[in-house]
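Q: So that you have it, the file is upload_26.cif, and it contains mmCIF, C-alpha atoms and all ligand atoms:
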data_data
loop_
_atom_site.label_atom_id
_atom_site.label_comp_id
_atom_site.auth_asym_id
_atom_site.auth_seq_id
_atom_site.Cartn_x
_atom_site.Cartn_y
_atom_site.Cartn_z
CA MET A 293 31.59 20.16 30.59
CA ASN A 294 33.10 18.50 27.54
CA TYR A 295 36.59 17.01 27.38
CA ARG A 296 38.02 20.08 25.65
CA GLU A 297 36.79 22.30 28.50
CA ARG A 298 38.38 19.94 31.03
CA ARG A 299 41.70 20.13 29.18
CA GLU A 300 41.47 23.93 29.08
CA LYS A 301 40.99 23.99 32.84
CA VAL A 302 44.07 21.82 33.33
CA TYR A 303 46.00 23.97 30.82
CA SER A 304 45.11 27.12 32.75
CA GLN A 305 46.75 25.64 35.84
CA MET A 306 49.97 24.58 34.11
CA GLU A 307 52.97 26.91 34.42
CA GLU A 308 54.19 28.94 31.43
CA LYS A 309 56.80 27.10 29.33
CA SER A 310 55.61 23.66 30.33
CA ILE A 311 54.12 20.57 28.71
CA LEU A 312 51.97 17.69 29.94
CA VAL A 313 52.53 14.10 28.83
CA LEU A 314 49.75 11.76 29.92
CA TYR A 315 49.67 8.08 28.91
CA SER A 316 46.58 5.86 28.80
CA GLY A 317 48.76 2.93 29.93
CA GLU A 318 48.96 -0.74 29.06
CA ALA A 319 47.38 -3.91 30.41
CA LEU A 320 49.37 -5.48 33.26
CA HIS A 321 51.07 -8.77 32.55
CA ILE A 322 49.97 -11.90 34.46
CA SER A 323 52.05 -14.81 33.13
CA ALA A 324 53.03 -16.39 29.82
CA ASP A 325 50.87 -14.63 27.21
CA ALA A 326 48.08 -13.65 29.65
CA TYR A 327 47.30 -10.08 30.65
CA HIS A 328 44.93 -8.47 33.13
CA ASP A 329 41.96 -6.59 31.74
CA PHE A 330 43.16 -3.15 30.70
CA GLU A 331 42.38 -0.35 33.16
CA VAL A 332 42.92 3.08 31.69
CA ASN A 333 44.75 5.84 33.55
CA ARG A 334 41.82 7.73 35.03
CA GLN A 335 43.30 11.19 34.35
CA PHE A 336 43.68 10.25 30.67
CA PHE A 337 40.08 8.99 30.55
CA TYR A 338 38.76 12.10 32.30
CA LEU A 339 40.52 14.42 29.84
CA THR A 340 39.79 12.50 26.61
CA GLY A 341 36.78 10.21 27.20
CA ILE A 342 38.84 7.33 25.77
CA ARG A 343 39.66 4.01 27.46
CA ARG A 344 42.19 2.47 25.08
CA GLU A 345 45.73 1.18 25.56
CA ASN A 346 48.91 2.69 24.27
CA MET A 347 47.77 6.26 23.68
CA ALA A 348 49.21 9.53 24.97
CA LEU A 349 47.91 13.08 25.32
CA VAL A 350 50.40 15.94 25.01
CA ILE A 351 49.39 19.45 26.03
CA ASP A 352 51.88 22.13 25.12
CA LYS A 353 51.96 25.44 27.01
CA CYS A 354 55.23 26.77 25.59
CA GLY A 355 53.44 29.23 23.32
CA ASP A 356 50.59 31.60 24.08
CA LYS A 357 47.75 29.23 23.33
CA LEU A 358 46.78 25.66 24.07
CA GLU A 359 48.30 23.14 21.68
CA GLU A 360 47.33 19.52 22.05
CA ILE A 361 48.08 16.28 20.27
CA LEU A 362 46.58 12.87 20.91
CA PHE A 363 48.81 9.94 19.95
CA ILE A 364 47.03 6.72 19.01
CA GLU A 365 47.84 3.24 17.76
CA PRO A 366 48.06 2.80 13.99
CA ILE A 367 45.47 0.63 12.29
CA ASP A 368 47.11 -2.63 11.27
CA PRO A 369 44.77 -5.27 9.78
CA SER A 370 47.08 -8.15 10.72
CA VAL A 371 47.04 -7.03 14.38
CA GLU A 372 43.30 -6.39 14.29
CA ARG A 373 42.72 -9.97 13.14
CA TRP A 374 43.90 -11.04 16.60
CA VAL A 375 42.89 -8.28 19.00
CA GLY A 376 39.94 -6.56 17.37
CA LYS A 377 39.34 -3.11 15.99
CA LYS A 378 41.36 -0.07 16.99
CA MET A 379 39.82 3.38 17.08
CA THR A 380 40.25 5.36 13.89
CA LYS A 381 41.56 8.93 13.82
CA GLU A 382 38.03 10.17 13.15
CA GLU A 383 36.56 8.26 16.09
CA VAL A 384 39.26 9.54 18.43
CA LYS A 385 38.68 13.10 17.24
CA GLU A 386 34.92 12.76 17.62
CA VAL A 387 35.06 11.45 21.21
CA SER A 388 37.88 13.58 22.59
CA GLY A 389 37.51 16.78 20.62
CA VAL A 390 41.29 16.82 20.02
CA GLU A 391 41.90 18.08 16.46
CA SER A 392 45.47 16.99 16.07
CA ILE A 393 45.88 13.20 16.03
CA ALA A 394 49.22 11.45 15.44
CA MET A 395 50.55 7.91 15.65
CA ILE A 396 52.11 6.73 18.90
CA ASP A 397 55.32 5.73 17.06
CA ASN A 398 55.91 9.45 16.53
CA LEU A 399 55.54 10.43 20.18
CA GLN A 400 59.25 10.31 21.00
CA ALA A 401 60.25 12.35 17.96
CA THR A 402 57.60 14.94 18.81
CA LEU A 403 58.78 15.19 22.41
CA ASP A 404 62.41 15.48 21.25
CA ARG A 405 61.41 18.33 18.95
CA ILE A 406 59.49 20.16 21.67
CA MET A 407 62.37 19.72 24.14
CA ASN A 408 64.96 21.01 21.64
CA ARG A 409 63.04 23.82 19.99
CA LYS A 410 60.70 25.14 22.64
CA LEU A 411 62.88 24.52 25.69
CA PRO A 412 60.14 23.89 28.27
CA LYS A 413 61.19 24.43 31.86
CA LYS A 414 58.82 21.85 33.27
CA VAL A 415 57.12 18.64 32.17
CA TYR A 416 54.01 17.35 33.92
CA PHE A 417 53.19 13.66 34.29
CA ASP A 418 50.66 11.80 36.42
CA THR A 419 52.97 10.69 39.22
CA TYR A 420 50.29 9.73 41.74
CA ARG A 421 51.40 6.84 43.94
CA HIS A 422 49.13 4.91 46.26
CA GLN A 423 52.04 3.42 48.19
CA MET A 424 55.75 3.84 47.66
CA SER A 425 56.04 0.05 47.97
CA ASP A 426 53.88 -0.42 44.84
CA LEU A 427 55.70 -1.06 41.59
CA PRO A 428 55.69 2.19 39.58
CA ASP A 429 52.69 2.30 37.26
CA TYR A 430 52.99 3.18 33.58
CA ASN A 431 52.90 6.97 33.97
CA VAL A 432 55.25 6.95 36.96
CA ALA A 433 57.76 4.80 35.07
CA LYS A 434 57.63 7.22 32.13
CA ALA A 435 58.19 10.18 34.47
CA GLN A 436 61.17 8.42 36.06
CA ALA A 437 62.69 7.68 32.65
CA PHE A 438 62.17 11.28 31.57
CA ALA A 439 63.72 12.67 34.77
CA ALA A 440 66.78 10.46 34.26
CA ALA A 441 67.13 11.56 30.62
CA TYR A 442 66.63 15.30 31.32
CA PRO A 443 68.22 16.06 34.70
CA GLY A 444 67.92 19.83 34.18
CA ILE A 445 64.17 19.91 33.58
CA ALA A 446 61.62 19.97 36.41
CA VAL A 447 59.09 17.15 36.60
CA ASP A 448 55.76 17.97 38.22
CA ASN A 449 52.58 16.06 39.05
CA ILE A 450 49.38 16.92 37.16
CA TYR A 451 47.29 14.66 39.39
CA PRO A 452 46.17 17.26 41.99
CA ALA A 453 44.86 19.63 39.30
CA VAL A 454 42.85 16.90 37.57
CA ALA A 455 41.68 15.41 40.88
CA ALA A 456 40.23 18.75 42.00
CA LEU A 457 38.18 18.91 38.79
CA ARG A 458 37.09 15.28 39.09
CA MET A 459 35.60 15.87 42.54
CA VAL A 460 32.69 17.89 41.13
CA LYS A 461 30.64 15.90 38.63
CA ASP A 462 28.84 17.45 35.67
CA ALA A 463 25.31 16.53 34.58
CA GLU A 464 26.47 13.83 32.19
CA GLU A 465 28.61 12.16 34.87
CA VAL A 466 25.68 12.25 37.29
CA ASN A 467 23.44 10.61 34.69
CA ILE A 468 25.90 7.82 33.99
CA THR A 469 26.32 7.21 37.74
CA LYS A 470 22.53 6.94 37.97
CA GLU A 471 22.67 4.26 35.26
CA ALA A 472 25.29 2.33 37.26
CA VAL A 473 23.12 2.58 40.38
CA LYS A 474 20.07 1.41 38.40
CA VAL A 475 21.89 -1.68 37.12
CA THR A 476 23.02 -2.41 40.68
CA GLU A 477 19.43 -2.07 41.86
CA GLU A 478 18.11 -4.54 39.28
CA ALA A 479 20.88 -7.01 40.08
CA LEU A 480 20.19 -6.75 43.82
CA ASN A 481 16.49 -7.40 43.20
CA HIS A 482 17.58 -10.49 41.28
CA VAL A 483 19.61 -11.55 44.35
CA LEU A 484 16.61 -10.99 46.65
CA ASN A 485 14.65 -13.37 44.45
CA ALA A 486 17.24 -16.12 44.64
CA LEU A 487 18.64 -15.87 48.16
CA LYS A 488 17.93 -18.83 50.44
CA PRO A 489 19.64 -20.86 53.17
CA GLY A 490 22.19 -23.38 51.90
CA MET A 491 23.40 -21.22 49.03
CA MET A 492 27.13 -20.62 48.86
CA GLU A 493 28.28 -17.03 49.16
CA TYR A 494 29.85 -17.29 45.70
CA GLN A 495 26.49 -18.34 44.31
CA VAL A 496 24.93 -15.17 45.69
CA GLN A 497 27.82 -13.25 44.12
CA ALA A 498 27.22 -15.08 40.82
CA GLU A 499 23.51 -14.14 40.82
CA PHE A 500 24.48 -10.48 41.20
CA GLU A 501 27.25 -10.51 38.63
CA TYR A 502 25.21 -12.48 36.08
CA LYS A 503 22.54 -9.81 36.14
CA VAL A 504 25.02 -6.92 35.98
CA LYS A 505 26.71 -8.41 32.94
CA SER A 506 23.47 -9.37 31.24
CA LEU A 507 22.35 -5.74 31.54
CA GLY A 508 25.34 -4.67 29.46
CA ALA A 509 27.41 -2.95 32.16
CA ASP A 510 31.22 -2.73 31.83
CA GLY A 511 31.39 -5.17 34.75
CA MET A 512 31.83 -4.83 38.50
CA ALA A 513 33.03 -1.64 40.10
CA PHE A 514 35.19 -3.73 42.48
CA PRO A 515 35.40 -7.35 43.69
CA THR A 516 32.01 -8.31 45.13
CA ILE A 517 31.89 -8.79 48.88
CA ALA A 518 29.36 -11.45 49.93
CA GLY A 519 29.86 -12.24 53.61
CA SER A 520 27.32 -14.24 55.59
CA GLY A 521 27.26 -14.62 59.36
CA ILE A 522 30.63 -13.80 60.95
CA ASN A 523 32.09 -13.10 57.48
CA GLY A 524 29.94 -9.98 57.36
CA THR A 525 32.10 -8.51 60.11
CA MET A 526 35.24 -8.62 57.94
CA LEU A 527 35.34 -5.31 56.17
CA HIS A 528 36.97 -6.39 52.90
CA TYR A 529 36.02 -10.09 52.89
CA GLU A 530 36.25 -11.31 49.29
CA THR A 531 36.66 -15.06 49.78
CA ASN A 532 32.90 -15.73 49.38
CA HIS A 533 33.37 -19.46 49.95
CA ASP A 534 31.14 -20.24 52.93
CA VAL A 535 27.61 -21.53 53.04
CA CYS A 536 24.82 -19.04 53.89
CA LYS A 537 23.27 -20.56 57.00
CA GLU A 538 19.67 -20.28 58.09
CA ASN A 539 18.79 -17.21 60.16
CA THR A 540 22.09 -15.46 59.45
CA LEU A 541 22.53 -12.19 57.59
CA ILE A 542 24.49 -11.76 54.39
CA LEU A 543 26.32 -8.49 53.82
CA LEU A 544 26.66 -7.59 50.14
CA ASP A 545 29.01 -4.74 49.24
CA LEU A 546 29.04 -4.43 45.48
CA GLY A 547 28.39 -2.30 42.47
CA ALA A 548 28.15 -2.14 38.71
CA ARG A 549 30.41 -0.06 36.50
CA VAL A 550 28.77 1.62 33.51
CA LYS A 551 30.73 3.62 30.90
CA GLY A 552 33.57 3.93 33.40
CA TYR A 553 31.42 5.22 36.29
CA ASN A 554 30.85 3.21 39.46
CA ALA A 555 28.07 2.44 41.90
CA ASP A 556 29.09 1.43 45.43
CA ILE A 557 26.19 -0.07 47.36
CA THR A 558 25.88 -2.26 50.44
CA ARG A 559 22.78 -4.10 51.54
CA THR A 560 22.43 -6.65 54.34
CA TYR A 561 19.75 -9.32 53.84
CA PRO A 562 18.35 -12.08 56.07
CA VAL A 563 19.28 -15.38 54.41
CA SER A 564 15.96 -16.99 55.47
CA GLY A 565 13.86 -14.02 54.38
CA LYS A 566 13.14 -12.74 57.88
CA PHE A 567 15.28 -10.83 60.39
CA THR A 568 15.37 -12.15 63.96
CA GLU A 569 14.24 -9.60 66.55
CA ARG A 570 17.86 -9.07 67.63
CA GLN A 571 19.09 -8.63 64.07
CA LYS A 572 16.35 -6.09 63.44
CA GLN A 573 17.29 -4.10 66.55
CA ILE A 574 20.86 -3.74 65.33
CA TYR A 575 19.79 -3.22 61.71
CA ASN A 576 17.58 -0.32 62.70
CA ILE A 577 20.43 1.45 64.49
CA VAL A 578 22.52 1.30 61.29
CA LEU A 579 19.52 2.42 59.25
CA LYS A 580 18.97 5.39 61.56
CA ALA A 581 22.61 6.44 61.15
CA ASN A 582 22.24 6.11 57.36
CA GLN A 583 19.12 8.30 57.40
CA GLU A 584 20.67 10.92 59.66
CA VAL A 585 23.79 11.21 57.48
CA ALA A 586 21.59 11.64 54.36
CA ALA A 587 19.61 14.32 56.20
CA GLN A 588 22.79 16.25 57.08
CA ALA A 589 24.77 15.90 53.85
CA ARG A 590 24.83 19.31 52.16
CA PRO A 591 27.29 21.90 50.81
CA GLY A 592 29.76 23.16 53.40
CA VAL A 593 29.76 20.00 55.50
CA THR A 594 32.91 17.82 55.65
CA LEU A 595 33.08 14.02 55.51
CA LYS A 596 34.55 14.09 59.00
CA GLU A 597 31.50 15.94 60.28
CA LEU A 598 29.25 13.36 58.62
CA ASN A 599 31.24 10.61 60.30
CA ASP A 600 30.84 12.31 63.68
CA ILE A 601 27.06 12.42 63.15
CA CYS A 602 27.11 8.73 62.19
CA LYS A 603 29.16 7.79 65.26
CA LYS A 604 26.78 9.65 67.55
CA VAL A 605 23.68 7.85 66.23
CA LEU A 606 25.40 4.46 66.33
CA ALA A 607 26.64 5.07 69.89
CA GLU A 608 23.23 6.16 71.15
CA GLY A 609 21.57 3.09 69.65
CA MET A 610 24.18 0.74 71.06
CA MET A 611 23.94 2.30 74.54
CA GLU A 612 20.19 1.71 74.48
CA LEU A 613 20.79 -1.96 73.67
CA GLY A 614 23.52 -2.19 76.31
CA LEU A 615 26.18 -3.09 73.74
CA ILE A 616 28.38 -0.26 75.02
CA GLU A 617 28.22 2.04 78.03
CA LYS A 618 29.85 5.24 76.81
CA GLU A 619 29.81 7.08 73.49
CA GLU A 620 33.61 6.74 73.21
CA GLU A 621 33.30 2.97 72.93
CA VAL A 622 31.64 3.21 69.49
CA GLY A 623 34.91 2.13 67.83
CA LYS A 624 34.50 -1.33 69.33
CA TYR A 625 31.81 -2.14 66.74
CA TYR A 626 32.28 0.58 64.09
CA MET A 627 35.80 0.87 62.76
CA HIS A 628 35.69 2.59 59.37
CA SER A 629 34.40 5.93 58.15
CA VAL A 630 30.94 6.73 56.82
CA SER A 631 31.81 8.27 53.48
CA HIS A 632 34.16 8.59 50.54
CA HIS A 633 33.89 10.23 47.16
CA LEU A 634 32.68 8.11 44.25
CA GLY A 635 33.32 8.47 40.53
CA ILE A 636 35.56 6.89 37.89
CA ASP A 637 37.43 5.46 40.87
CA VAL A 638 35.36 3.72 43.55
CA HIS A 639 37.34 5.42 46.30
CA ASP A 640 37.46 8.54 44.20
CA VAL A 641 40.05 11.29 44.25
CA THR A 642 40.09 13.75 47.14
CA VAL A 643 42.26 16.84 47.51
CA PRO A 644 42.58 18.55 50.89
CA GLU A 645 41.52 22.03 49.73
CA LYS A 646 38.11 20.66 48.71
CA ASP A 647 37.22 19.00 51.99
CA LYS A 648 33.87 20.80 52.26
CA LEU A 649 31.05 19.29 50.21
CA GLU A 650 29.95 21.16 47.08
CA PRO A 651 26.97 20.71 44.74
CA GLY A 652 27.83 18.05 42.14
CA MET A 653 29.95 15.91 44.43
CA ILE A 654 28.95 12.25 44.75
CA ILE A 655 29.73 10.49 48.03
CA THR A 656 28.83 7.24 49.74
CA ASN A 657 26.85 6.94 52.98
CA GLU A 658 27.84 3.67 54.64
CA PRO A 659 27.37 3.25 58.37
CA GLY A 660 27.86 -0.24 59.75
CA LEU A 661 28.06 -2.30 62.94
CA TYR A 662 30.23 -5.40 63.26
CA ILE A 663 29.54 -7.55 66.30
CA ASP A 664 31.83 -10.60 66.23
CA GLU A 665 30.38 -12.23 69.35
CA GLU A 666 26.93 -12.25 67.75
CA GLU A 667 28.30 -13.21 64.29
CA THR A 668 26.49 -10.17 62.94
CA GLY A 669 27.83 -7.67 60.43
CA ILE A 670 25.49 -5.00 59.06
CA ARG A 671 26.25 -2.18 56.64
CA ILE A 672 23.80 -0.08 54.63
CA GLU A 673 25.48 1.93 51.90
CA ASP A 674 23.89 4.45 49.56
CA ASP A 675 25.30 6.87 46.99
CA LEU A 676 24.48 10.55 47.51
CA LEU A 677 24.57 13.44 45.05
CA ILE A 678 25.17 16.75 46.81
CA THR A 679 22.77 19.46 45.59
CA GLU A 680 22.45 23.21 46.28
CA ASP A 681 20.65 22.72 49.57
CA GLY A 682 21.08 19.08 50.56
CA CYS A 683 21.46 15.80 48.74
CA VAL A 684 19.65 13.32 46.55
CA VAL A 685 19.93 9.64 47.46
CA LEU A 686 20.77 8.16 44.05
CA SER A 687 20.07 4.67 45.38
CA ALA A 688 16.76 5.64 47.03
CA ASP A 689 14.91 2.94 45.06
CA ILE A 690 17.06 0.05 46.30
CA VAL A 691 14.97 -1.46 49.09
CA ARG A 692 16.48 -0.55 52.40
CA THR A 693 14.25 -0.97 55.46
CA ALA A 694 13.96 -4.37 57.17
CA GLU A 695 10.22 -4.41 56.45
CA GLU A 696 10.66 -3.67 52.73
CA ILE A 697 13.32 -6.36 52.41
CA GLU A 698 11.17 -8.95 54.19
CA ALA A 699 8.15 -8.06 52.08
CA LYS A 700 10.14 -8.39 48.86
CA MET A 701 11.53 -11.77 49.92
CA LYS A 702 8.07 -12.98 50.97
CA ASP A 703 6.27 -12.43 47.70
CA ARG A 704 8.71 -14.02 45.29
MN MN A 801 31.99 2.32 49.79
#
Go ahead and render the structure in this file as structure tokens.
A:
Amino acid sequence: MNYRERREKVYSQMEEKSILVLYSGEALHISADAYHDFEVNRQFFYLTGIRRENMALVIDKCGDKLEEILFIEPIDPSVERWVGKKMTKEEVKEVSGVESIAMIDNLQATLDRIMNRKLPKKVYFDTYRHQMSDLPDYNVAKAQAFAAAYPGIAVDNIYPAVAALRMVKDAEEVNITKEAVKVTEEALNHVLNALKPGMMEYQVQAEFEYKVKSLGADGMAFPTIAGSGINGTMLHYETNHDVCKENTLILLDLGARVKGYNADITRTYPVSGKFTERQKQIYNIVLKANQEVAAQARPGVTLKELNDICKKVLAEGMMELGLIEKEEEVGKYYMHSVSHHLGIDVHDVTVPEKDKLEPGMIITNEPGLYIDEEETGIRIEDDLLITEDGCVVLSADIVRTAEEIEAKMKDR
């Protein structure tokens, strides 16, 4: 599906006499003249293929056919001297497939003209909020300003319509995700070569990130988690400042981002190159849950059902080891969920009406056990592509079993 087709699908879901105004956003300010790396509004990226600041897409459904304009930054050589090249009109057209390109300085005048002459009843923005306590993001702030300026016009949220489309990946998106998984695989192999007792967790992180960047990826999909020993039991540990001690495990939850698409992988390695018998017992329970979830992931199944399968396998394994007595106690050592959607967001969009898996969806498979009293945290996370009759493990080549990991660490 090309970007034009995606926009047509969104257009078909907009009400008559409405317009959509979608901004790419701006980099967030840090302090003085420093800014965070720019992160594009994901709906804008999905509908245009462009990840540049200070652009806006307008889709007009006041007439009887789709009209669209993409507003971009003008080319100004004195600005480019400092910040680098902007995209030209031709480049923007080529990537997005939008025929009508205008300069962002004209956006307000264009909107004024549409509001006065075409009298839309409704204007769509991306008003998704993660938490009400968050500061409004760029698109939310624009929607708020519009609502204040035009009290008689309805404001609606385009996010659910775009999110529903984003949940099913096309062939191109699947291929790019495979690239991101491949880069993650190579970088993890690099880590397996370097890992030894006495390393700092941040050094393990640095080995991974060095390789990801040297392979030409955009960067990391999310802050790398490198937790050894008890730190592996903290689900979102990002401090990475402890020493990796002999005979402990290190839990690595990480991923590369390539062309805007993310990998999300977790592997748990023995720092000394060999699992202890006890570590292997627990590791193999998590591995079994991972394998069972992959065996059951197929169209029609929900993520909740996959999590129930995962919990059952984990509980059975733990009862055998005497870690728990009853199945209901599984939450003592497993406190998250086994799966989430993956895409241009790491925890990708999910709408309630698409809770059953469909071919083309990409999800994670990440069972884990976190046993504080044994200072042992283990998670094994793969990325799955749902197919017509099951799933493909996109990260199948990233060594996974205890034996494979030990063998790889032995002959280095
Ligand atoms: Mn994950």
Q: Would you list the residues that come within 8 Å of ligand MN 801 (chain A)? Count all atoms listed in the file and give the answer as an mmCIF file with C-alpha atoms, keeping the file's coordinate frame.
A:
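Written output follows (result.cif):
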data_model
loop_
_atom_site.group_PDB
_atom_site.id
_atom_site.type_symbol
_atom_site.label_atom_id
_atom_site.label_comp_id
_atom_site.auth_asym_id
_atom_site.auth_seq_id
_atom_site.Cartn_x
_atom_site.Cartn_y
_atom_site.Cartn_z
ATOM 1 C CA ASP A 545 29.010 -4.740 49.240
ATOM 2 C CA ASP A 556 29.090 1.430 45.430
ATOM 3 C CA ILE A 557 26.190 -0.070 47.360
ATOM 4 C CA THR A 558 25.880 -2.260 50.440
ATOM 5 C CA SER A 631 31.810 8.270 53.480
ATOM 6 C CA HIS A 632 34.160 8.590 50.540
ATOM 7 C CA VAL A 638 35.360 3.720 43.550
ATOM 8 C CA HIS A 639 37.340 5.420 46.300
ATOM 9 C CA THR A 656 28.830 7.240 49.740
ATOM 10 C CA ASN A 657 26.850 6.940 52.980
ATOM 11 C CA GLU A 658 27.840 3.670 54.640
ATOM 12 C CA GLU A 673 25.480 1.930 51.900
#
Q: From the options A:Asn576, A:Asn346, A:Asn539, A:Thr476, which residue's atoms come nearest to Val563 (chain A), counting all atoms listed in the file?
A: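 Looking only at the distances to Val563 (chain A), the closest residue turns out to be A:Asn539.
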Q: Mind checking which residues fall within 9 Å of Val390 (chain A), counting all atoms listed in the file, ignoring those fewer than 3 positions away in the same chain, and posting them as a VMD selection string?
A: chain A and resid 295 to 296 340 360 to 362 384 to 387 393
Q: Residues within 12 Å of (50.5, 8.7, 31.9), file coordinates, counting only C-alpha atoms: what are they? Give the list as a ChimeraX atom specification.
A: /A:312-318,332-337,339,345-350,415-420,428-436,438,449-451
Q: Would you please work out which residue, of A:Pro644, A:Gly635, A:Gly660, A:Gly652, is nearest to Val473 (chain A) when using all atoms listed in the file?
A: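 That would be A:Gly635, the residue with the smallest distance to Val473 (chain A).
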Q: So how far away is CA of Glu696 (chain A) from CA of Val483 (chain A), in Å?
A: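 Interatomic distance here is 14.6 Å.
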Q: Using only C-alpha atoms, which of A:Arg559, A:Lys624, A:His533, A:Arg299 sits nearest Glu359 (chain A)?
A: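 Of A:Arg559, A:Lys624, A:His533, A:Arg299, the one nearest Glu359 (chain A) is A:Arg299, counting only C-alpha atoms.
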Q: Applying 10 Å and all atoms listed in the file, which residues near region 589-602 of chain A remain after dropping the ones on its own chain fewer than 4 positions away? List them as a PyMOL selection string.
A: chain A and resi 578+580-585+606-607+626+628-633+646-653+655-660+676-684
Q: Those same residues - C-alpha atoms - I'd like them written as a PDB file, keeping the file's coordinate frame.
A:
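Written out: out10.pdb:
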ATOM      1  CA  VAL A 578      22.520   1.300  61.290  1.00  0.00           C
ATOM      2  CA  LYS A 580      18.970   5.390  61.560  1.00  0.00           C
ATOM      3  CA  ALA A 581      22.610   6.440  61.150  1.00  0.00           C
ATOM      4  CA  ASN A 582      22.240   6.110  57.360  1.00  0.00           C
ATOM      5  CA  GLN A 583      19.120   8.300  57.400  1.00  0.00           C
ATOM      6  CA  GLU A 584      20.670  10.920  59.660  1.00  0.00           C
ATOM      7  CA  VAL A 585      23.790  11.210  57.480  1.00  0.00           C
ATOM      8  CA  LEU A 606      25.400   4.460  66.330  1.00  0.00           C
ATOM      9  CA  ALA A 607      26.640   5.070  69.890  1.00  0.00           C
ATOM     10  CA  TYR A 626      32.280   0.580  64.090  1.00  0.00           C
ATOM     11  CA  HIS A 628      35.690   2.590  59.370  1.00  0.00           C
ATOM     12  CA  SER A 629      34.400   5.930  58.150  1.00  0.00           C
ATOM     13  CA  VAL A 630      30.940   6.730  56.820  1.00  0.00           C
ATOM     14  CA  SER A 631      31.810   8.270  53.480  1.00  0.00           C
ATOM     15  CA  HIS A 632      34.160   8.590  50.540  1.00  0.00           C
ATOM     16  CA  HIS A 633      33.890  10.230  47.160  1.00  0.00           C
ATOM     17  CA  LYS A 646      38.110  20.660  48.710  1.00  0.00           C
ATOM     18  CA  ASP A 647      37.220  19.000  51.990  1.00  0.00           C
ATOM     19  CA  LYS A 648      33.870  20.800  52.260  1.00  0.00           C
ATOM     20  CA  LEU A 649      31.050  19.290  50.210  1.00  0.00           C
ATOM     21  CA  GLU A 650      29.950  21.160  47.080  1.00  0.00           C
ATOM     22  CA  PRO A 651      26.970  20.710  44.740  1.00  0.00           C
ATOM     23  CA  GLY A 652      27.830  18.050  42.140  1.00  0.00           C
ATOM     24  CA  MET A 653      29.950  15.910  44.430  1.00  0.00           C
ATOM     25  CA  ILE A 655      29.730  10.490  48.030  1.00  0.00           C
ATOM     26  CA  THR A 656      28.830   7.240  49.740  1.00  0.00           C
ATOM     27  CA  ASN A 657      26.850   6.940  52.980  1.00  0.00           C
ATOM     28  CA  GLU A 658      27.840   3.670  54.640  1.00  0.00           C
ATOM     29  CA  PRO A 659      27.370   3.250  58.370  1.00  0.00           C
ATOM     30  CA  GLY A 660      27.860  -0.240  59.750  1.00  0.00           C
ATOM     31  CA  LEU A 676      24.480  10.550  47.510  1.00  0.00           C
ATOM     32  CA  LEU A 677      24.570  13.440  45.050  1.00  0.00           C
ATOM     33  CA  ILE A 678      25.170  16.750  46.810  1.00  0.00           C
ATOM     34  CA  THR A 679      22.770  19.460  45.590  1.00  0.00           C
ATOM     35  CA  GLU A 680      22.450  23.210  46.280  1.00  0.00           C
ATOM     36  CA  ASP A 681      20.650  22.720  49.570  1.00  0.00           C
ATOM     37  CA  GLY A 682      21.080  19.080  50.560  1.00  0.00           C
ATOM     38  CA  CYS A 683      21.460  15.800  48.740  1.00  0.00           C
ATOM     39  CA  VAL A 684      19.650  13.320  46.550  1.00  0.00           C
TER      40      VAL A 684
END
Q: Within 9 Å of (29.7, -7.4, 63.5) (file coordinates; only C-alpha atoms), which protein or nucleic acid residues are there? I'd like them as an MDAnalysis selection string.
A: chainID A and resid 521:526 625:626 660:670
Q: Contacts of Lys474 (chain A) at 9 Å or less, counting only C-alpha atoms, minus same-chain residues fewer than 4 places along, as a list in words?
A: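 The contact residues come out as Thr469, Lys470, Glu478, Ala479, Ala548, Ala555, Leu686, Ser687, Asp689 and Ile690 of chain A.
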Q: Which one of A:Glu477, A:Glu300, A:Glu383, A:Glu391 sits closest to Lys353 (chain A) if you count only C-alpha atoms?
A: A:Glu300
Q: In Å, rounded to a single decimal, give me how far CA of Val466 (chain A) is from CA of His482 (chain A).
A: 24.5 Å
Q: Quick check, in Å to one decimal: how far apart do CA of Asn398 (chain A) and CA of Glu307 (chain A) lie?
A: 25.2 Å
Q: Here is a test: counting only C-alpha atoms, which residue of A:His528, A:Arg570, A:Lys410, A:Lys378 is nearest to Thr540 (chain A)?
A: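 Closest to Thr540 (chain A), using only C-alpha atoms: A:Arg570.
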Q: Taking into account only C-alpha atoms, which residue in the set A:Lys505, A:Ile574, A:Ile367, A:Thr560 is nearest to Met610 (chain A)?
A: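 The shortest atom-to-atom distance to Met610 (chain A) comes from A:Ile574.
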